[in-house]
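input28.cif (mmCIF, C-alpha atoms and all ligand atoms) appears below.
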```cif
data_work
loop_
_atom_site.group_PDB
_atom_site.id
_atom_site.type_symbol
_atom_site.label_atom_id
_atom_site.label_comp_id
_atom_site.auth_asym_id
_atom_site.auth_seq_id
_atom_site.Cartn_x
_atom_site.Cartn_y
_atom_site.Cartn_z
ATOM 1 C CA MET N 199 67.344 211.765 137.947
ATOM 2 C CA LEU N 200 68.562 209.580 140.806
ATOM 3 C CA HIS N 201 66.299 206.801 142.033
ATOM 4 C CA ALA N 202 66.534 204.846 145.273
ATOM 5 C CA LEU N 203 67.744 201.249 145.333
ATOM 6 C CA SER N 204 67.021 199.227 148.453
ATOM 7 C CA PHE N 205 67.466 195.686 149.695
ATOM 8 C CA ASP N 206 65.593 194.166 152.597
ATOM 9 C CA LEU N 207 68.425 192.258 154.269
ATOM 10 C CA GLU N 208 66.718 189.291 155.829
ATOM 11 C CA GLU N 209 66.702 185.510 155.797
ATOM 12 C CA TRP N 210 64.570 183.413 153.456
ATOM 13 C CA TYR N 211 62.320 182.450 156.387
ATOM 14 C CA HIS N 212 61.646 185.936 157.800
ATOM 15 C CA GLY N 213 58.495 186.600 155.766
ATOM 16 C CA ASP N 214 55.105 186.392 157.435
ATOM 17 C CA LEU N 215 53.801 183.873 154.919
ATOM 18 C CA LEU N 216 56.572 181.405 155.720
ATOM 19 C CA ALA N 217 56.556 181.493 159.495
ATOM 20 C CA PRO N 218 53.874 178.788 159.907
ATOM 21 C CA TYR N 219 55.805 176.413 157.644
ATOM 22 C CA VAL N 220 59.358 176.717 158.941
ATOM 23 C CA ALA N 221 60.170 175.123 162.287
ATOM 24 C CA ALA N 222 62.882 176.771 164.368
ATOM 25 C CA ALA N 223 65.256 173.883 163.650
ATOM 26 C CA GLU N 224 64.885 174.429 159.894
ATOM 27 C CA ARG N 225 65.819 178.111 160.049
ATOM 28 C CA ARG N 226 69.235 177.777 158.531
ATOM 29 C CA SER N 227 70.917 181.032 157.653
ATOM 30 C CA GLN N 228 71.768 181.604 154.012
ATOM 31 C CA VAL N 229 71.750 185.398 153.863
ATOM 32 C CA ARG N 230 75.522 185.607 153.401
ATOM 33 C CA ASP N 231 75.449 183.411 150.318
ATOM 34 C CA ALA N 232 72.343 185.101 148.935
ATOM 35 C CA VAL N 233 73.707 188.635 149.290
ATOM 36 C CA ARG N 234 77.260 187.929 148.110
ATOM 37 C CA PRO N 235 76.494 188.101 144.358
ATOM 38 C CA ILE N 236 74.558 191.330 144.988
ATOM 39 C CA ILE N 237 77.535 192.902 146.765
ATOM 40 C CA GLU N 238 79.740 191.965 143.804
ATOM 41 C CA LEU N 239 77.191 193.212 141.285
ATOM 42 C CA LEU N 240 76.901 196.585 143.044
ATOM 43 C CA ARG N 241 80.692 196.891 143.138
ATOM 44 C CA ARG N 242 80.991 196.178 139.418
ATOM 45 C CA ALA N 243 78.243 198.668 138.637
ATOM 46 C CA GLY N 244 79.616 201.272 141.052
ATOM 47 C CA VAL N 245 76.184 201.624 142.661
ATOM 48 C CA ARG N 246 75.443 202.234 146.333
ATOM 49 C CA ALA N 247 72.126 201.290 147.904
ATOM 50 C CA THR N 248 70.204 201.142 151.156
ATOM 51 C CA PHE N 249 70.092 197.857 153.054
ATOM 52 C CA PHE N 250 67.115 197.691 155.415
ATOM 53 C CA ALA N 251 68.619 195.146 157.781
ATOM 54 C CA VAL N 252 66.819 192.845 160.182
ATOM 55 C CA GLY N 253 68.570 193.129 163.556
ATOM 56 C CA GLU N 254 68.902 189.355 163.833
ATOM 57 C CA VAL N 255 71.002 189.389 160.660
ATOM 58 C CA ALA N 256 73.185 192.197 162.044
ATOM 59 C CA ARG N 257 73.604 190.320 165.315
ATOM 60 C CA ASP N 258 74.567 187.054 163.612
ATOM 61 C CA HIS N 259 76.639 188.549 160.769
ATOM 62 C CA PRO N 260 78.208 191.787 162.028
ATOM 63 C CA ASP N 261 81.048 191.491 159.522
ATOM 64 C CA LEU N 262 78.513 191.520 156.675
ATOM 65 C CA ILE N 263 76.984 194.774 157.957
ATOM 66 C CA ALA N 264 80.450 196.299 158.351
ATOM 67 C CA GLU N 265 81.371 195.231 154.820
ATOM 68 C CA LEU N 266 78.233 196.791 153.345
ATOM 69 C CA ALA N 267 78.860 200.042 155.221
ATOM 70 C CA ALA N 268 82.499 200.039 154.081
ATOM 71 C CA ASP N 269 81.236 199.813 150.478
ATOM 72 C CA GLY N 270 79.288 203.022 151.092
ATOM 73 C CA HIS N 271 75.843 201.451 151.412
ATOM 74 C CA GLU N 272 73.314 202.884 153.834
ATOM 75 C CA ILE N 273 72.291 200.579 156.692
ATOM 76 C CA ALA N 274 68.702 201.222 157.750
ATOM 77 C CA CYS N 275 66.242 199.522 160.069
ATOM 78 C CA HIS N 276 63.938 196.605 159.240
ATOM 79 C CA THR N 277 63.214 195.839 162.956
ATOM 80 C CA MET N 278 64.932 193.210 165.108
ATOM 81 C CA THR N 279 62.871 190.074 164.400
ATOM 82 C CA HIS N 280 60.735 191.049 161.387
ATOM 83 C CA PRO N 281 57.285 191.062 163.048
ATOM 84 C CA ASN N 282 54.131 192.267 161.366
ATOM 85 C CA LEU N 283 53.442 195.710 162.858
ATOM 86 C CA TRP N 284 49.694 195.069 162.926
ATOM 87 C CA ARG N 285 50.269 192.591 165.730
ATOM 88 C CA LEU N 286 52.619 194.681 167.887
ATOM 89 C CA THR N 287 51.926 196.990 170.814
ATOM 90 C CA PRO N 288 53.892 200.249 170.990
ATOM 91 C CA ALA N 289 55.907 198.777 173.877
ATOM 92 C CA GLU N 290 56.824 195.733 171.781
ATOM 93 C CA PHE N 291 57.804 197.981 168.882
ATOM 94 C CA ALA N 292 60.011 200.080 171.184
ATOM 95 C CA ASP N 293 61.699 196.842 172.236
ATOM 96 C CA GLU N 294 62.235 195.879 168.572
ATOM 97 C CA LEU N 295 63.946 199.221 167.915
ATOM 98 C CA GLU N 296 66.093 199.010 171.023
ATOM 99 C CA ARG N 297 67.299 195.498 170.226
ATOM 100 C CA TYR N 298 67.887 196.467 166.601
ATOM 101 C CA ARG N 299 70.095 199.373 167.711
ATOM 102 C CA ALA N 300 72.083 197.127 170.031
ATOM 103 C CA ALA N 301 72.567 194.540 167.282
ATOM 104 C CA VAL N 302 73.758 197.054 164.679
ATOM 105 C CA ASP N 303 75.906 198.813 167.260
ATOM 106 C CA GLY N 304 77.887 195.589 167.532
ATOM 107 C CA ALA N 305 78.768 195.884 163.832
ATOM 108 C CA LEU N 306 78.866 199.675 163.418
ATOM 109 C CA PRO N 307 79.480 201.334 166.791
ATOM 110 C CA GLY N 308 77.627 204.605 167.135
ATOM 111 C CA ALA N 309 75.709 204.283 163.864
ATOM 112 C CA GLN N 310 72.235 205.833 163.833
ATOM 113 C CA ALA N 311 69.759 204.460 161.327
ATOM 114 C CA LEU N 312 67.913 207.276 159.556
ATOM 115 C CA GLY N 313 65.506 205.094 157.644
ATOM 116 C CA PHE N 314 62.896 202.475 158.462
ATOM 117 C CA ARG N 315 60.974 199.902 156.476
ATOM 118 C CA ALA N 316 58.122 197.939 157.992
ATOM 119 C CA PRO N 317 58.291 194.146 157.669
ATOM 120 C CA MET N 318 55.758 192.948 155.079
ATOM 121 C CA PHE N 319 55.010 196.632 154.340
ATOM 122 C CA SER N 320 52.703 196.455 157.351
ATOM 123 C CA LEU N 321 52.440 200.202 157.843
ATOM 124 C CA ASP N 322 48.902 201.468 157.430
ATOM 125 C CA LYS N 323 46.160 202.971 159.544
ATOM 126 C CA ARG N 324 46.313 200.041 161.986
ATOM 127 C CA SER N 325 49.977 200.685 162.789
ATOM 128 C CA HIS N 326 49.978 204.491 162.329
ATOM 129 C CA TRP N 327 51.479 205.055 165.812
ATOM 130 C CA VAL N 328 54.781 203.679 164.493
ATOM 131 C CA LEU N 329 55.537 206.941 162.653
ATOM 132 C CA GLY N 330 55.518 209.083 165.789
ATOM 133 C CA MET N 331 57.814 206.604 167.521
ATOM 134 C CA LEU N 332 60.222 206.669 164.580
ATOM 135 C CA ARG N 333 60.311 210.479 164.644
ATOM 136 C CA ASP N 334 60.920 210.518 168.403
ATOM 137 C CA GLY N 335 63.584 207.837 168.017
ATOM 138 C CA GLY N 336 65.753 209.940 165.712
ATOM 139 C CA PHE N 337 64.703 208.406 162.408
ATOM 140 C CA ARG N 338 64.384 210.775 159.473
ATOM 141 C CA TYR N 339 62.324 208.842 156.966
ATOM 142 C CA ASP N 340 60.130 205.815 156.381
ATOM 143 C CA SER N 341 59.777 203.782 153.195
ATOM 144 C CA SER N 342 56.969 201.307 153.880
ATOM 145 C CA VAL N 343 53.743 202.575 152.355
ATOM 146 C CA VAL N 344 52.582 200.677 149.285
ATOM 147 C CA PRO N 345 50.078 203.012 147.609
ATOM 148 C CA VAL N 346 48.102 200.158 146.056
ATOM 149 C CA ARG N 347 45.907 197.641 147.813
ATOM 150 C CA THR N 348 47.372 194.164 147.085
ATOM 151 C CA PRO N 349 46.210 190.802 148.470
ATOM 152 C CA TRP N 350 48.763 191.115 151.272
ATOM 153 C CA TYR N 351 49.199 194.800 152.097
ATOM 154 C CA GLY N 352 48.888 198.305 150.761
ATOM 155 C CA VAL N 353 47.130 201.612 151.346
ATOM 156 C CA ALA N 354 44.710 202.399 148.541
ATOM 157 C CA GLY N 355 44.788 206.051 147.580
ATOM 158 C CA ALA N 356 48.052 206.939 149.369
ATOM 159 C CA PRO N 357 50.238 209.510 147.565
ATOM 160 C CA LEU N 358 52.457 208.115 144.807
ATOM 161 C CA GLY N 359 55.384 210.495 145.314
ATOM 162 C CA ILE N 360 57.498 211.449 148.348
ATOM 163 C CA TYR N 361 55.315 213.137 150.979
ATOM 164 C CA ARG N 362 54.975 213.915 154.649
ATOM 165 C CA ALA N 363 52.713 211.225 156.099
ATOM 166 C CA SER N 364 50.139 212.031 158.753
ATOM 167 C CA LEU N 365 51.068 210.479 162.098
ATOM 168 C CA ASP N 366 47.418 209.424 162.420
ATOM 169 C CA ASP N 367 47.089 207.865 158.987
ATOM 170 C CA PRO N 368 50.180 207.054 156.896
ATOM 171 C CA GLY N 369 48.081 207.097 153.729
ATOM 172 C CA ARG N 370 47.289 210.803 154.137
ATOM 173 C CA THR N 371 49.510 213.834 153.900
ATOM 174 C CA ASP N 372 50.301 216.269 156.686
ATOM 175 C CA ALA N 373 52.656 218.862 155.253
ATOM 176 C CA ASP N 374 53.447 220.449 158.621
ATOM 177 C CA GLY N 375 53.448 217.729 161.253
ATOM 178 C CA GLY N 376 53.965 214.595 159.185
ATOM 179 C CA PHE N 377 56.882 212.184 158.858
ATOM 180 C CA LEU N 378 58.875 211.925 155.617
ATOM 181 C CA GLU N 379 57.627 208.974 153.552
ATOM 182 C CA PHE N 380 59.072 207.506 150.362
ATOM 183 C CA PRO N 381 56.222 205.256 149.216
ATOM 184 C CA LEU N 382 57.032 202.100 147.263
ATOM 185 C CA THR N 383 56.722 202.673 143.557
ATOM 186 C CA ALA N 384 53.448 202.312 141.727
ATOM 187 C CA CYS N 385 52.778 203.344 138.148
ATOM 188 C CA SER N 386 49.382 204.891 137.575
ATOM 189 C CA ILE N 387 47.724 204.409 134.222
ATOM 190 C CA GLY N 388 44.320 206.031 134.240
ATOM 191 C CA PRO N 389 42.496 204.741 137.311
ATOM 192 C CA VAL N 390 44.820 201.717 137.686
ATOM 193 C CA ARG N 391 47.898 201.593 139.883
ATOM 194 C CA ILE N 392 50.448 198.899 139.076
ATOM 195 C CA PRO N 393 52.992 198.044 141.806
ATOM 196 C CA THR N 394 56.457 198.467 140.258
ATOM 197 C CA ALA N 395 58.731 198.589 143.293
ATOM 198 C CA GLY N 396 59.896 194.981 143.388
ATOM 199 C CA GLY N 397 58.806 191.574 144.604
ATOM 200 C CA VAL N 398 56.647 189.360 142.453
ATOM 201 C CA TYR N 399 55.847 192.270 140.133
ATOM 202 C CA PHE N 400 59.545 192.779 139.429
ATOM 203 C CA ARG N 401 60.028 189.068 138.773
ATOM 204 C CA LEU N 402 56.816 188.452 136.841
ATOM 205 C CA ILE N 403 56.273 191.443 134.534
ATOM 206 C CA PRO N 404 58.471 191.044 131.398
ATOM 207 C CA TYR N 405 61.517 193.235 131.907
ATOM 208 C CA PRO N 406 60.952 195.621 128.952
ATOM 209 C CA VAL N 407 57.408 196.256 130.211
ATOM 210 C CA PHE N 408 58.611 196.767 133.773
ATOM 211 C CA ARG N 409 61.241 199.204 132.513
ATOM 212 C CA SER N 410 58.730 201.196 130.483
ATOM 213 C CA LEU N 411 56.458 201.470 133.541
ATOM 214 C CA LEU N 412 59.400 202.779 135.568
ATOM 215 C CA ARG N 413 60.330 205.226 132.817
ATOM 216 C CA ARG N 414 56.781 206.504 132.912
ATOM 217 C CA VAL N 415 57.110 207.074 136.680
ATOM 218 C CA ALA N 416 60.569 208.620 136.277
ATOM 219 C CA ARG N 417 59.187 211.339 134.030
ATOM 220 C CA ARG N 418 57.391 212.687 137.087
ATOM 221 C CA ARG N 419 59.378 211.731 140.192
ATOM 222 C CA PRO N 420 62.135 209.566 141.680
ATOM 223 C CA PHE N 421 61.142 205.976 142.464
ATOM 224 C CA VAL N 422 62.318 203.374 144.960
ATOM 225 C CA ILE N 423 63.063 199.737 144.168
ATOM 226 C CA TYR N 424 63.282 196.914 146.730
ATOM 227 C CA VAL N 425 64.851 193.492 146.350
ATOM 228 C CA HIS N 426 65.223 190.652 148.848
ATOM 229 C CA PRO N 427 68.516 188.764 148.505
ATOM 230 C CA TRP N 428 66.618 185.458 148.875
ATOM 231 C CA GLU N 429 64.437 186.239 145.850
ATOM 232 C CA THR N 430 67.552 186.438 143.658
ATOM 233 C CA TYR N 431 69.163 183.273 144.993
ATOM 234 C CA ALA N 432 68.686 179.930 143.273
ATOM 235 C CA ALA N 433 69.213 177.870 146.443
ATOM 236 C CA THR N 434 66.417 179.549 148.414
ATOM 237 C CA PRO N 435 64.412 176.680 149.931
ATOM 238 C CA ARG N 436 61.032 176.173 148.245
ATOM 239 C CA LEU N 437 58.334 175.342 150.752
ATOM 240 C CA PRO N 438 55.055 173.524 150.064
ATOM 241 C CA LEU N 439 52.983 176.694 150.423
ATOM 242 C CA PRO N 440 49.464 177.296 149.163
ATOM 243 C CA LEU N 441 49.469 178.068 145.441
ATOM 244 C CA ILE N 442 49.129 181.861 145.592
ATOM 245 C CA GLU N 443 51.886 182.258 148.167
ATOM 246 C CA ARG N 444 54.172 179.883 146.296
ATOM 247 C CA PHE N 445 53.602 181.833 143.130
ATOM 248 C CA GLY N 446 54.221 185.177 144.828
ATOM 249 C CA LEU N 447 57.420 184.116 146.538
ATOM 250 C CA TYR N 448 59.196 181.876 144.080
ATOM 251 C CA THR N 449 58.199 182.834 140.527
ATOM 252 C CA ASN N 450 61.229 183.661 138.370
ATOM 253 C CA ILE N 451 63.792 183.709 141.174
ATOM 254 C CA ARG N 452 66.286 182.394 138.656
ATOM 255 C CA HIS N 453 65.928 185.509 136.484
ATOM 256 C CA ALA N 454 65.861 188.115 139.238
ATOM 257 C CA ARG N 455 69.574 188.858 139.493
ATOM 258 C CA ARG N 456 69.887 189.365 135.753
ATOM 259 C CA ARG N 457 66.916 191.720 135.902
ATOM 260 C CA LEU N 458 68.542 193.656 138.705
ATOM 261 C CA GLU N 459 71.661 193.966 136.579
ATOM 262 C CA ARG N 460 69.602 195.403 133.719
ATOM 263 C CA LEU N 461 67.908 197.863 136.066
ATOM 264 C CA LEU N 462 71.328 199.122 137.150
ATOM 265 C CA GLN N 463 72.201 199.693 133.489
ATOM 266 C CA ASP N 464 68.942 201.432 132.633
ATOM 267 C CA PHE N 465 68.563 203.831 135.599
ATOM 268 C CA SER N 466 70.782 205.785 138.003
ATOM 269 C CA PHE N 467 70.512 204.757 141.641
ATOM 270 C CA ALA N 468 71.594 205.976 145.074
ATOM 271 C CA PRO N 469 70.783 205.093 148.694
ATOM 272 C CA VAL N 470 67.351 206.239 149.867
ATOM 273 C CA ARG N 471 68.740 208.859 152.227
ATOM 274 C CA GLU N 472 70.635 210.520 149.374
ATOM 275 C CA VAL N 473 67.589 210.641 147.114
ATOM 276 C CA LEU N 474 65.632 212.181 150.001
ATOM 277 C CA ASP N 475 68.592 214.388 150.935
ATOM 278 C CA VAL N 476 68.246 213.777 154.683
HETATM 279 ZN ZN ZN N 501 61.220 192.131 155.151
#
```
Could you quickly redo this structure as structure tokens?
Ligand SMILES: [Zn+2]
Amino acid sequence: MLHALSFDLEEWYHGDLLAPYVAAAERRSQVRDAVRPIIELLRRAGVRATFFAVGEVARDHPDLIAELAADGHEIACHTMTHPNLWRLTPAEFADELERYRAAVDGALPGAQALGFRAPMFSLDKRSHWVLGMLRDGGFRYDSSVVPVRTPWYGVAGAPLGIYRASLDDPGRTDADGGFLEFPLTACSIGPVRIPTAGGVYFRLIPYPVFRSLLRRVARRRPFVIYVHPWETYAATPRLPLPLIERFGLYTNIRHARRRLERLLQDFSFAPVREVLDV
């Protein structure tokens, strides 16, 4: 079975938690250096993936986007500036999409992103209107719903496998009118759902345990993994954040790339659009 491998191509400072701590003058780009070992790793492994790119990265590093596309990776949309969707109006979101398209067009003329991922997984009932705008904008799928409530995000009770999400409530299904959703992976054990898509869970849970959780999921359905280049990069700046945030963002960064390498050995991966066949 093929599973989906995705990277959220953004800078180390794009996350919501960091914004209050990083002044504009300190926002030094390091995405090229952070993603370079990943590009090489994927080449060695012969694996293609989806890169959900922030438009600002595409605008500032068009050659990087072109290189990823030339390697056969899917370039999908992670908005222009990485805002939290809960705080946007539909008009502001339309502007994000338009500027994203212009930025990527500079690197890949005529390319149409089929996929979308919400910054900070901020797609839930509050931002449900996003799905209709994606459908009308020519997108074919979304991969933003985390079907577990975590301290930061998540939609408790959302479907665990690929489904058509209701345009009124992304956590509910609408087989006829909904928008195709590939929810982030969670492994259910009895009444408990354990997030196993990436992030701190990927870095914190011992690898053999993480792998056995994924194998359990894979017996039933394809799963999707996400990795941020900055969370695999030793030189990512460490900010003096509150304890929980610091823990969530920086734990085990030094082991993450090796873990990714093991994942590529243990499972078969493809870009999201190929797993969804859109
Ligand atoms: Zn992001």
Find the residues of chain N that sit at most 6 Å from ligand ZN 501 (chain N); for each, write down the nearest two atoms and how far apart they are in Å, to one decimal. Count all atoms listed in the file. Sort by chain, then by number going up, and give it as a Markdown table.
```
| residue | atom | partner | partner_atom | distance |
| --- | --- | --- | --- | --- |
| N:Asp206 | CA | N:ZN501 | ZN | 5.5 |
| N:Pro317 | CA | N:ZN501 | ZN | 4.4 |
| N:Met318 | CA | N:ZN501 | ZN | 5.5 |
```
Would you mind listing what lies within 6 Å of region 273-286 of chain N as number ranges by chain, with only C-alpha atoms counted and same-chain residues fewer than 2 positions away left out?
-> N: 248-254, 290, 294, 298, 311, 313-315, 317, 320, 325
Residue list as a PyMOL selection string for point (70.5, 181.5, 148.8), cut-off 9 Å, all atoms listed in the file | chain N and resi 209-210+227-233+427-435
Compare N:Val425, N:Leu439, N:Leu358, N:Leu447 by their minimum atom-to-atom distance to Val398 (chain N), counting only C-alpha atoms, and give me the closest one.
-> N:Leu447
Please evaluate the PyMOL selection byres (((chain N and resi 359) around 9) and not hetatm) against the structure above and give the resulting residues as a list in words.
-> Pro357, Leu358, Ile360, Tyr361, Glu379, Phe380, Pro381, Leu382, Thr383, Arg418, Arg419, Pro420 and Phe421 of chain N
Polymer residues at most 10 Å from Val476 (chain N), all atoms listed in the file, same-chain spacing of 2 or more positions, as a CSV table (one decimal) with C-alpha atoms, in the coordinates of the input:
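Result file follows (around-v9.csv):
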```csv
chain,number,residue,atom,x,y,z
N,312,LEU,CA,67.9,207.3,159.6
N,313,GLY,CA,65.5,205.1,157.6
N,338,ARG,CA,64.4,210.8,159.5
N,339,TYR,CA,62.3,208.8,157.0
N,378,LEU,CA,58.9,211.9,155.6
N,470,VAL,CA,67.4,206.2,149.9
N,471,ARG,CA,68.7,208.9,152.2
N,472,GLU,CA,70.6,210.5,149.4
N,473,VAL,CA,67.6,210.6,147.1
N,474,LEU,CA,65.6,212.2,150.0
```
Closest to Tyr399 (chain N) among N:Ser386, N:Ser342, N:Ser466, N:Thr348, using all atoms listed in the file?
-> N:Thr348
Which residues fall under the PyMOL selection byres (((chain N and resi 367) around 10) and not hetatm) in this file, as a PyMOL selection string?
-> chain N and resi 321-327+329+353+356+363-366+368-372+376
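Here CA of Glu272 (chain N) and CA of Arg246 (chain N) stand 7.8 Å from one another.
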For His453 (chain N), which of N:Asp475, N:Pro469, N:Met331, N:Leu402 is the closest residue, counting only C-alpha atoms?
->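 With only C-alpha atoms as the atom set, the closest residue is N:Leu402.
Here CA of Leu462 (chain N) is placed at a distance of 27.9 Å from CA of Ala305 (chain N).
Restricting the calculation to all atoms listed in the file, the smallest distance between Cys385 (chain N) and any of N:Pro307, N:Gly352, N:Gly397, N:Pro345 is found for N:Pro345.
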Adding 8 Å on each side of the box along x, y and z that holds all listed atoms of region 216-223 of chain N, could you give its centre and edge lengths in Å to one decimal, as AutoDock Vina command-line options?
```
--center_x 59.6 --center_y 177.7 --center_z 160.0 --size_x 27.4 --size_y 23.6 --size_z 24.6
```
